[in-house]
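*Asks:* Contents are TSV, N, CA and C atoms; file name data20.tsv:
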```
chain	number	residue	atom	x	y	z
A	172	MET	N	0.84	-1.18	0.00
A	172	MET	CA	0.00	0.00	0.00
A	172	MET	C	0.89	1.25	0.00
A	173	ILE	N	0.51	2.23	-0.77
A	173	ILE	CA	1.26	3.48	-0.86
A	173	ILE	C	0.55	4.53	-0.03
A	174	GLU	N	1.26	5.07	0.96
A	174	GLU	CA	0.69	6.08	1.86
A	174	GLU	C	1.72	7.16	2.13
A	175	LYS	N	1.26	8.33	2.49
A	175	LYS	CA	2.20	9.37	2.90
A	175	LYS	C	2.67	9.07	4.32
A	176	VAL	N	3.80	9.66	4.69
A	176	VAL	CA	4.37	9.47	6.01
A	176	VAL	C	4.52	10.84	6.67
A	177	ASN	N	3.97	10.96	7.88
A	177	ASN	CA	4.12	12.19	8.65
A	177	ASN	C	5.24	11.95	9.67
A	178	LEU	N	6.38	12.61	9.47
A	178	LEU	CA	7.53	12.37	10.33
A	178	LEU	C	7.28	12.79	11.77
A	179	THR	N	6.54	13.87	11.97
A	179	THR	CA	6.23	14.32	13.34
A	179	THR	C	5.44	13.26	14.08
A	180	GLU	N	4.44	12.68	13.44
A	180	GLU	CA	3.65	11.62	14.07
A	180	GLU	C	4.49	10.38	14.36
A	181	LYS	N	5.32	10.01	13.42
A	181	LYS	CA	6.17	8.83	13.62
A	181	LYS	C	7.13	9.05	14.79
A	182	LEU	N	7.75	10.21	14.85
A	182	LEU	CA	8.68	10.50	15.94
A	182	LEU	C	7.98	10.55	17.30
A	183	ALA	N	6.72	10.97	17.31
A	183	ALA	CA	5.96	11.04	18.57
A	183	ALA	C	5.54	9.65	19.07
A	184	SER	N	5.67	8.63	18.23
A	184	SER	CA	5.19	7.30	18.60
A	184	SER	C	6.19	6.47	19.42
A	185	PHE	N	7.38	6.99	19.67
A	185	PHE	CA	8.36	6.27	20.48
A	185	PHE	C	9.25	7.27	21.21
A	186	ASP	N	9.98	6.78	22.22
A	186	ASP	CA	10.84	7.68	23.01
A	186	ASP	C	12.29	7.24	23.09
A	187	GLU	N	12.60	6.00	22.75
A	187	GLU	CA	13.96	5.48	22.89
A	187	GLU	C	14.94	6.23	22.00
A	188	ALA	N	16.08	6.58	22.58
A	188	ALA	CA	17.14	7.25	21.82
A	188	ALA	C	18.03	6.22	21.13
A	189	PHE	N	18.54	6.59	19.96
A	189	PHE	CA	19.46	5.77	19.18
A	189	PHE	C	18.86	4.40	18.83
A	190	ARG	N	17.55	4.38	18.63
A	190	ARG	CA	16.87	3.17	18.17
A	190	ARG	C	15.99	3.57	16.99
A	191	PRO	N	16.59	3.71	15.80
A	191	PRO	CA	15.83	4.19	14.63
A	191	PRO	C	14.65	3.30	14.30
A	192	ARG	N	13.63	3.92	13.70
A	192	ARG	CA	12.44	3.20	13.24
A	192	ARG	C	12.30	3.43	11.74
A	193	ILE	N	12.02	2.37	11.02
A	193	ILE	CA	11.88	2.45	9.56
A	193	ILE	C	10.50	3.01	9.23
A	194	VAL	N	10.49	4.07	8.40
A	194	VAL	CA	9.23	4.69	7.98
A	194	VAL	C	8.99	4.51	6.48
A	195	GLY	N	9.95	3.93	5.77
A	195	GLY	CA	9.79	3.69	4.34
A	195	GLY	C	11.04	3.09	3.74
A	196	TYR	N	10.94	2.77	2.46
A	196	TYR	CA	12.07	2.20	1.73
A	196	TYR	C	12.26	2.96	0.43
A	197	TYR	N	13.50	3.08	0.01
A	197	TYR	CA	13.84	3.73	-1.24
A	197	TYR	C	14.88	2.85	-1.91
A	198	ASN	N	14.49	2.15	-2.96
A	198	ASN	CA	15.33	1.16	-3.61
A	198	ASN	C	15.81	0.16	-2.56
A	199	GLU	N	17.08	-0.05	-2.38
A	199	GLU	CA	17.57	-1.00	-1.37
A	199	GLU	C	17.91	-0.30	-0.06
A	200	ASN	N	17.33	0.87	0.16
A	200	ASN	CA	17.63	1.65	1.37
A	200	ASN	C	16.42	1.73	2.29
A	201	LYS	N	16.71	1.79	3.58
A	201	LYS	CA	15.66	2.02	4.57
A	201	LYS	C	15.70	3.50	4.95
A	202	ILE	N	14.53	4.10	5.03
A	202	ILE	CA	14.39	5.49	5.47
A	202	ILE	C	13.90	5.40	6.91
A	203	GLN	N	14.64	6.02	7.82
A	203	GLN	CA	14.35	5.88	9.24
A	203	GLN	C	14.26	7.23	9.93
A	204	VAL	N	13.54	7.26	11.03
A	204	VAL	CA	13.58	8.40	11.94
A	204	VAL	C	14.16	7.92	13.25
A	205	ALA	N	14.86	8.82	13.94
A	205	ALA	CA	15.47	8.46	15.21
A	205	ALA	C	15.50	9.67	16.13
A	206	LYS	N	15.50	9.36	17.41
A	206	LYS	CA	15.73	10.37	18.44
A	206	LYS	C	17.15	10.14	18.95
A	207	THR	N	17.86	11.24	19.14
A	207	THR	CA	19.23	11.15	19.65
A	207	THR	C	19.33	11.99	20.90
A	208	ARG	N	19.91	11.41	21.94
A	208	ARG	CA	20.14	12.11	23.21
A	208	ARG	C	21.49	11.66	23.74
A	209	GLY	N	22.33	12.63	24.06
A	209	GLY	CA	23.66	12.29	24.55
A	209	GLY	C	24.55	11.83	23.41
A	210	GLU	N	25.53	11.01	23.77
A	210	GLU	CA	26.51	10.55	22.79
A	210	GLU	C	26.25	9.10	22.42
A	211	PHE	N	26.38	8.79	21.13
A	211	PHE	CA	26.24	7.42	20.63
A	211	PHE	C	27.58	6.71	20.79
A	212	VAL	N	27.97	5.86	19.88
A	212	VAL	CA	29.26	5.18	19.92
A	212	VAL	C	30.08	5.57	18.68
A	213	TRP	N	31.39	5.55	18.83
A	213	TRP	CA	32.27	5.76	17.68
A	213	TRP	C	32.18	4.52	16.81
A	214	HIS	N	31.96	4.75	15.50
A	214	HIS	CA	31.82	3.64	14.58
A	214	HIS	C	32.03	4.11	13.14
A	215	SER	N	32.15	3.16	12.25
A	215	SER	CA	32.18	3.47	10.82
A	215	SER	C	31.42	2.37	10.08
A	216	HIS	N	31.11	2.66	8.84
A	216	HIS	CA	30.44	1.70	7.96
A	216	HIS	C	31.35	1.51	6.74
A	217	ALA	N	31.96	0.35	6.63
A	217	ALA	CA	32.94	0.09	5.57
A	217	ALA	C	32.31	0.07	4.18
A	218	GLU	N	31.04	-0.33	4.09
A	218	GLU	CA	30.42	-0.56	2.79
A	218	GLU	C	29.42	0.50	2.35
A	219	THR	N	29.10	1.45	3.22
A	219	THR	CA	28.03	2.40	2.88
A	219	THR	C	28.24	3.76	3.54
A	220	ASP	N	27.75	4.80	2.88
A	220	ASP	CA	27.75	6.14	3.46
A	220	ASP	C	26.65	6.19	4.53
A	221	ASP	N	26.68	7.23	5.37
A	221	ASP	CA	25.69	7.41	6.43
A	221	ASP	C	25.05	8.78	6.26
A	222	PHE	N	23.75	8.83	5.98
A	222	PHE	CA	23.01	10.06	5.67
A	222	PHE	C	22.25	10.53	6.91
A	223	PHE	N	22.46	11.79	7.30
A	223	PHE	CA	21.75	12.39	8.44
A	223	PHE	C	21.07	13.67	7.98
A	224	LEU	N	19.78	13.81	8.26
A	224	LEU	CA	19.03	15.04	8.03
A	224	LEU	C	18.36	15.40	9.36
A	225	VAL	N	18.68	16.55	9.91
A	225	VAL	CA	18.11	16.95	11.20
A	225	VAL	C	16.71	17.51	10.96
A	226	VAL	N	15.73	16.91	11.61
A	226	VAL	CA	14.33	17.34	11.54
A	226	VAL	C	14.08	18.42	12.59
A	227	SER	N	14.60	18.22	13.80
A	227	SER	CA	14.49	19.23	14.87
A	227	SER	C	15.65	19.06	15.83
A	228	GLY	N	15.97	20.14	16.52
A	228	GLY	CA	17.05	20.11	17.49
A	228	GLY	C	18.40	20.40	16.86
A	229	HIS	N	19.44	20.02	17.58
A	229	HIS	CA	20.82	20.26	17.17
A	229	HIS	C	21.60	18.95	17.31
A	230	LEU	N	22.28	18.55	16.26
A	230	LEU	CA	23.05	17.31	16.25
A	230	LEU	C	24.50	17.63	15.90
A	231	THR	N	25.42	17.04	16.65
A	231	THR	CA	26.83	17.15	16.34
A	231	THR	C	27.31	15.80	15.82
A	232	ILE	N	27.89	15.80	14.63
A	232	ILE	CA	28.53	14.60	14.12
A	232	ILE	C	30.01	14.78	14.42
A	233	GLN	N	30.50	14.03	15.40
A	233	GLN	CA	31.90	14.11	15.76
A	233	GLN	C	32.70	13.25	14.79
A	234	LEU	N	33.72	13.85	14.20
A	234	LEU	CA	34.68	13.13	13.39
A	234	LEU	C	36.00	13.18	14.16
A	235	ARG	N	36.94	12.38	13.80
A	235	ARG	CA	38.21	12.37	14.54
A	235	ARG	C	38.97	13.69	14.41
A	236	ASP	N	38.76	14.42	13.31
A	236	ASP	CA	39.52	15.66	13.10
A	236	ASP	C	38.71	16.94	13.26
A	237	ARG	N	37.37	16.81	13.45
A	237	ARG	CA	36.53	18.00	13.59
A	237	ARG	C	35.12	17.58	13.95
A	238	ASP	N	34.31	18.57	14.33
A	238	ASP	CA	32.88	18.35	14.60
A	238	ASP	C	32.07	19.03	13.51
A	239	ILE	N	31.00	18.36	13.08
A	239	ILE	CA	30.05	18.93	12.13
A	239	ILE	C	28.79	19.27	12.93
A	240	GLU	N	28.42	20.55	12.96
A	240	GLU	CA	27.26	21.02	13.73
A	240	GLU	C	26.07	21.15	12.79
A	241	LEU	N	24.97	20.47	13.14
A	241	LEU	CA	23.78	20.46	12.29
A	241	LEU	C	22.56	20.94	13.07
A	242	ASP	N	21.79	21.81	12.45
A	242	ASP	CA	20.52	22.27	13.01
A	242	ASP	C	19.39	21.79	12.12
A	243	ALA	N	18.14	22.04	12.53
A	243	ALA	CA	16.98	21.61	11.75
A	243	ALA	C	17.12	22.08	10.30
A	244	GLY	N	16.93	21.14	9.38
A	244	GLY	CA	17.03	21.43	7.96
A	244	GLY	C	18.41	21.16	7.38
A	245	ASP	N	19.41	20.92	8.23
A	245	ASP	CA	20.76	20.62	7.75
A	245	ASP	C	20.92	19.12	7.53
A	246	LEU	N	21.73	18.77	6.52
A	246	LEU	CA	22.05	17.37	6.30
A	246	LEU	C	23.54	17.22	6.14
A	247	PHE	N	24.00	16.01	6.42
A	247	PHE	CA	25.41	15.67	6.28
A	247	PHE	C	25.51	14.20	5.93
A	248	VAL	N	26.40	13.89	5.01
A	248	VAL	CA	26.66	12.50	4.64
A	248	VAL	C	28.07	12.15	5.11
A	249	VAL	N	28.14	11.15	5.98
A	249	VAL	CA	29.43	10.64	6.42
A	249	VAL	C	29.87	9.62	5.37
A	250	PRO	N	31.01	9.86	4.73
A	250	PRO	CA	31.47	8.91	3.70
A	250	PRO	C	31.79	7.54	4.29
A	251	ARG	N	31.59	6.51	3.49
A	251	ARG	CA	31.89	5.15	3.95
A	251	ARG	C	33.31	5.08	4.49
A	252	GLY	N	33.46	4.33	5.57
A	252	GLY	CA	34.77	4.13	6.16
A	252	GLY	C	35.23	5.22	7.11
A	253	VAL	N	34.49	6.33	7.22
A	253	VAL	CA	34.91	7.43	8.10
A	253	VAL	C	34.31	7.21	9.49
A	254	GLU	N	35.17	7.18	10.49
A	254	GLU	CA	34.72	6.98	11.86
A	254	GLU	C	34.01	8.23	12.35
A	255	HIS	N	32.87	8.04	13.01
A	255	HIS	CA	32.06	9.16	13.49
A	255	HIS	C	31.27	8.75	14.73
A	256	CYS	N	30.79	9.79	15.45
A	256	CYS	CA	30.02	9.57	16.66
A	256	CYS	C	28.99	10.69	16.78
A	257	PRO	N	27.70	10.40	16.54
A	257	PRO	CA	26.66	11.42	16.71
A	257	PRO	C	26.45	11.76	18.18
A	258	ARG	N	26.16	13.04	18.43
A	258	ARG	CA	25.89	13.51	19.80
A	258	ARG	C	24.82	14.60	19.74
A	259	ALA	N	23.89	14.55	20.68
A	259	ALA	CA	22.85	15.58	20.77
A	259	ALA	C	22.62	15.93	22.23
A	260	ASP	N	22.63	17.21	22.53
A	260	ASP	CA	22.35	17.69	23.87
A	260	ASP	C	21.35	18.83	23.77
A	261	PRO	N	20.12	18.73	24.22
A	261	PRO	CA	19.60	17.57	24.92
A	261	PRO	C	19.05	16.49	23.97
A	262	GLU	N	18.37	16.85	22.88
A	262	GLU	CA	17.79	15.85	21.99
A	262	GLU	C	17.67	16.43	20.59
A	263	ALA	N	17.85	15.57	19.60
A	263	ALA	CA	17.61	15.93	18.20
A	263	ALA	C	16.81	14.81	17.56
A	264	HIS	N	15.99	15.18	16.59
A	264	HIS	CA	15.24	14.21	15.80
A	264	HIS	C	15.84	14.21	14.40
A	265	VAL	N	16.13	13.03	13.88
A	265	VAL	CA	16.82	12.94	12.60
A	265	VAL	C	16.14	11.95	11.66
A	266	LEU	N	16.35	12.19	10.37
A	266	LEU	CA	15.96	11.26	9.32
A	266	LEU	C	17.25	10.64	8.83
A	267	LEU	N	17.27	9.32	8.72
A	267	LEU	CA	18.45	8.57	8.31
A	267	LEU	C	18.12	7.76	7.06
A	268	ILE	N	19.08	7.62	6.18
A	268	ILE	CA	18.93	6.73	5.03
A	268	ILE	C	20.14	5.81	5.03
A	269	GLU	N	19.87	4.50	5.09
A	269	GLU	CA	20.94	3.49	5.10
A	269	GLU	C	20.50	2.31	4.24
A	270	GLN	N	21.47	1.55	3.76
A	270	GLN	CA	21.15	0.34	3.04
A	270	GLN	C	20.47	-0.63	4.00
A	271	THR	N	19.44	-1.31	3.53
A	271	THR	CA	18.77	-2.31	4.34
A	271	THR	C	19.79	-3.33	4.82
A	272	GLY	N	19.71	-3.68	6.09
A	272	GLY	CA	20.64	-4.64	6.68
A	272	GLY	C	21.85	-4.01	7.33
A	273	THR	N	22.02	-2.68	7.17
A	273	THR	CA	23.17	-2.00	7.78
A	273	THR	C	22.89	-1.76	9.26
A	274	PRO	N	23.74	-2.27	10.16
A	274	PRO	CA	23.52	-2.01	11.59
A	274	PRO	C	23.83	-0.55	11.93
A	275	ASN	N	23.02	0.04	12.80
A	275	ASN	CA	23.24	1.45	13.15
A	275	ASN	C	24.54	1.67	13.91
A	276	THR	N	25.10	0.62	14.48
A	276	THR	CA	26.35	0.72	15.23
A	276	THR	C	27.58	0.46	14.36
A	277	GLY	N	27.37	0.18	13.08
A	277	GLY	CA	28.49	-0.06	12.18
A	277	GLY	C	29.42	-1.14	12.71
A	278	ASP	N	30.71	-0.81	12.80
A	278	ASP	CA	31.70	-1.78	13.24
A	278	ASP	C	31.97	-1.75	14.74
A	279	SER	N	31.22	-0.97	15.49
A	279	SER	CA	31.44	-0.86	16.94
A	279	SER	C	31.02	-2.14	17.65
A	280	THR	N	31.76	-2.45	18.71
A	280	THR	CA	31.40	-3.58	19.57
A	280	THR	C	30.98	-3.09	20.96
A	281	GLU	N	30.85	-1.75	21.11
A	281	GLU	CA	30.49	-1.18	22.41
A	281	GLU	C	29.04	-1.42	22.81
A	282	ARG	N	28.17	-1.60	21.84
A	282	ARG	CA	26.76	-1.85	22.13
A	282	ARG	C	26.16	-2.61	20.97
A	283	GLY	N	25.05	-3.27	21.24
A	283	GLY	CA	24.37	-4.02	20.19
A	283	GLY	C	23.63	-3.10	19.24
A	284	ALA	N	23.48	-3.53	18.02
A	284	ALA	CA	22.75	-2.75	17.01
A	284	ALA	C	21.26	-2.77	17.31
A	285	ALA	N	20.59	-1.68	16.97
A	285	ALA	CA	19.14	-1.61	17.12
A	285	ALA	C	18.50	-2.54	16.08
A	286	PRO	N	17.38	-3.16	16.43
A	286	PRO	CA	16.69	-4.00	15.45
A	286	PRO	C	16.10	-3.14	14.33
A	287	GLU	N	15.96	-3.73	13.14
A	287	GLU	CA	15.32	-3.02	12.04
A	287	GLU	C	13.81	-3.12	12.25
A	288	GLU	N	13.23	-2.08	12.81
A	288	GLU	CA	11.83	-2.07	13.22
A	288	GLU	C	11.04	-1.05	12.41
A	289	GLU	N	9.96	-1.49	11.80
A	289	GLU	CA	9.08	-0.60	11.03
A	289	GLU	C	7.99	-0.02	11.92
A	290	ILE	N	7.66	1.24	11.66
A	290	ILE	CA	6.49	1.83	12.32
A	290	ILE	C	5.62	2.49	11.27
```
The structure given in the file should be rewritten as structure tokens.
*Replies:*
Amino acid sequence: MIEKVNLTEKLASFDEAFRPRIVGYYNENKIQVAKTRGEFVWHSHAETDDFFLVVSGHLTIQLRDRDIELDAGDLFVVPRGVEHCPRADPEAHVLLIEQTGTPNTGDSTERGAAPEEEI
């Protein structure tokens, strides 16, 4: 079934931070929304880029050599293989695009990957 997706409604349906929810698919990619609070884990994705679009709040994408500061409406693509760590104080809402099957924790062993959950 083809339906429109309201990102505000989808984001209001859960509270867990760093546990993205799939709201659609685009070719072999999952389109997700996530809430971010505090610091995630340092990680990279060897096979895929990492797309971040801030819907609300302020998100910092920490790279080893600099920080990328993003506000609502800003997007940033972390190139494949680049180590990064998202951080939000107090909270940011983001839209993510990743290849289906890509764990949100990339190569990190500090925490388990979030399940691929549709809402």
*Asks:* Take atom N of Val265 in chain A and atom N of Gly244 in chain A and report the distance between them in Å, one decimal.
*Replies:*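 So the two atoms, atom N of Val265 in chain A and atom N of Gly244 in chain A, lie 9.3 Å apart.
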*Asks:* Name the residues of range 214-284 of chain A that come out as strand (DSSP E) in a backbone DSSP run; write them as a ChimeraX atom specification.
*Replies:* /A:221-234,238-242,246-249,255-270
*Asks:* Rank nothing, just name the residue among A:Ala217, A:Val194, A:Ala285, A:Val212 nearest to Gly252 in chain A, using all atoms listed in the file.
*Replies:* A:Ala217
*Asks:* For a test of reading the model, state the distance in Å between CA of Asp242 in chain A and CA of Phe222 in chain A, rounded to one decimal.
*Replies:*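 Atom-to-atom, CA of Asp242 in chain A to CA of Phe222 in chain A, that is 14.5 Å.
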*Asks:* Residues of range 227-274 of chain A within 6.5 Å of range 199-211 of chain A: nearest atom pair and distance (Å, one decimal) for each, counting only N, CA and C atoms, sorted by chain and number, as a Markdown table?
*Replies:*
```
| residue | atom | partner | partner_atom | distance |
| --- | --- | --- | --- | --- |
| A:Cys256 | C | A:Phe211 | N | 5.4 |
| A:Pro257 | C | A:Phe211 | N | 4.2 |
| A:Arg258 | CA | A:Gly209 | C | 4.2 |
| A:Ala259 | C | A:Gly209 | N | 3.8 |
| A:Asp260 | N | A:Gly209 | N | 4.8 |
| A:Pro261 | C | A:Arg208 | CA | 4.6 |
| A:Glu262 | CA | A:Thr207 | C | 4.3 |
| A:Ala263 | C | A:Thr207 | N | 4.0 |
| A:His264 | CA | A:Ala205 | C | 4.6 |
| A:Val265 | C | A:Ala205 | N | 4.1 |
| A:Leu266 | CA | A:Gln203 | C | 4.4 |
| A:Leu267 | N | A:Gln203 | C | 3.9 |
| A:Ile268 | CA | A:Lys201 | C | 4.6 |
| A:Glu269 | C | A:Lys201 | N | 3.9 |
| A:Gln270 | CA | A:Asn200 | CA | 4.1 |
| A:Thr271 | N | A:Glu199 | C | 4.0 |
```
*Asks:* Write the selection just made, keeping N, CA and C atoms, as a tab-separated table (two decimals), keeping the file's coordinate frame?
*Replies:*
```
chain	number	residue	atom	x	y	z
A	256	CYS	N	30.79	9.79	15.45
A	256	CYS	CA	30.02	9.57	16.66
A	256	CYS	C	28.99	10.69	16.78
A	257	PRO	N	27.70	10.40	16.54
A	257	PRO	CA	26.66	11.42	16.71
A	257	PRO	C	26.45	11.76	18.18
A	258	ARG	N	26.16	13.04	18.43
A	258	ARG	CA	25.89	13.51	19.80
A	258	ARG	C	24.82	14.60	19.74
A	259	ALA	N	23.89	14.55	20.68
A	259	ALA	CA	22.85	15.58	20.77
A	259	ALA	C	22.62	15.93	22.23
A	260	ASP	N	22.63	17.21	22.53
A	260	ASP	CA	22.35	17.69	23.87
A	260	ASP	C	21.35	18.83	23.77
A	261	PRO	N	20.12	18.73	24.22
A	261	PRO	CA	19.60	17.57	24.92
A	261	PRO	C	19.05	16.49	23.97
A	262	GLU	N	18.37	16.85	22.88
A	262	GLU	CA	17.79	15.85	21.99
A	262	GLU	C	17.67	16.43	20.59
A	263	ALA	N	17.85	15.57	19.60
A	263	ALA	CA	17.61	15.93	18.20
A	263	ALA	C	16.81	14.81	17.56
A	264	HIS	N	15.99	15.18	16.59
A	264	HIS	CA	15.24	14.21	15.80
A	264	HIS	C	15.84	14.21	14.40
A	265	VAL	N	16.13	13.03	13.88
A	265	VAL	CA	16.82	12.94	12.60
A	265	VAL	C	16.14	11.95	11.66
A	266	LEU	N	16.35	12.19	10.37
A	266	LEU	CA	15.96	11.26	9.32
A	266	LEU	C	17.25	10.64	8.83
A	267	LEU	N	17.27	9.32	8.72
A	267	LEU	CA	18.45	8.57	8.31
A	267	LEU	C	18.12	7.76	7.06
A	268	ILE	N	19.08	7.62	6.18
A	268	ILE	CA	18.93	6.73	5.03
A	268	ILE	C	20.14	5.81	5.03
A	269	GLU	N	19.87	4.50	5.09
A	269	GLU	CA	20.94	3.49	5.10
A	269	GLU	C	20.50	2.31	4.24
A	270	GLN	N	21.47	1.55	3.76
A	270	GLN	CA	21.15	0.34	3.04
A	270	GLN	C	20.47	-0.63	4.00
A	271	THR	N	19.44	-1.31	3.53
A	271	THR	CA	18.77	-2.31	4.34
A	271	THR	C	19.79	-3.33	4.82
```
*Asks:* Measure the distance from CA of Leu241 in chain A to CA of Glu174 in chain A in Å and round it to one decimal.
*Replies:*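 These atoms are spaced 29.1 Å apart.
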*Asks:* Given the choices A:Leu182, A:Ala243, A:Ile193, A:Ile232, which gets closest to His255 in chain A if the distance is worked out from all atoms listed in the file?
*Replies:*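 So, comparing all the options, the nearest one is A:Ile232.
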*Asks:* Could you give me, as a PyMOL selection string, the residues within 6.5 Å of Leu246 in chain A, counting only N, CA and C atoms and dropping anything in the same chain fewer than 5 positions from it?
*Replies:* chain A and resi 223-225+241
*Asks:* Closest to Ser215 in chain A among A:Ala183, A:Val253, A:Leu234, A:Leu178, using only N, CA and C atoms?
*Replies:* A:Val253
*Asks:* So, counting only N, CA and C atoms, which residue among A:Arg192, A:Glu180, A:Phe185, A:Thr231 is closest to Ile290 in chain A?
*Replies:*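 Closest to Ile290 in chain A of all the choices is A:Arg192.
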*Asks:* Report as an mmCIF file with N, CA and C atoms, in the coordinates of the input: the residues of chain A with a DSSP assignment of helix (DSSP H, G or I), based on the backbone of this structure.
*Replies:*
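Saved file result-v6.cif follows:
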```
data_model
loop_
_atom_site.group_PDB
_atom_site.id
_atom_site.type_symbol
_atom_site.label_atom_id
_atom_site.label_comp_id
_atom_site.auth_asym_id
_atom_site.auth_seq_id
_atom_site.Cartn_x
_atom_site.Cartn_y
_atom_site.Cartn_z
ATOM 1 N N LEU A 178 6.380 12.610 9.470
ATOM 2 C CA LEU A 178 7.530 12.370 10.330
ATOM 3 C C LEU A 178 7.280 12.790 11.770
ATOM 4 N N THR A 179 6.540 13.870 11.970
ATOM 5 C CA THR A 179 6.230 14.320 13.340
ATOM 6 C C THR A 179 5.440 13.260 14.080
ATOM 7 N N GLU A 180 4.440 12.680 13.440
ATOM 8 C CA GLU A 180 3.650 11.620 14.070
ATOM 9 C C GLU A 180 4.490 10.380 14.360
ATOM 10 N N LYS A 181 5.320 10.010 13.420
ATOM 11 C CA LYS A 181 6.170 8.830 13.620
ATOM 12 C C LYS A 181 7.130 9.050 14.790
ATOM 13 N N LEU A 182 7.750 10.210 14.850
ATOM 14 C CA LEU A 182 8.680 10.500 15.940
ATOM 15 C C LEU A 182 7.980 10.550 17.300
ATOM 16 N N ALA A 183 6.720 10.970 17.310
ATOM 17 C CA ALA A 183 5.960 11.040 18.570
ATOM 18 C C ALA A 183 5.540 9.650 19.070
#
```
*Asks:* Which is closer to His214 in chain A than all the others in A:Ala188, A:Asp245, A:Gln233, A:Glu240, using only C-alpha atoms?
*Replies:*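 Selected residue with least distance to His214 in chain A: A:Gln233.
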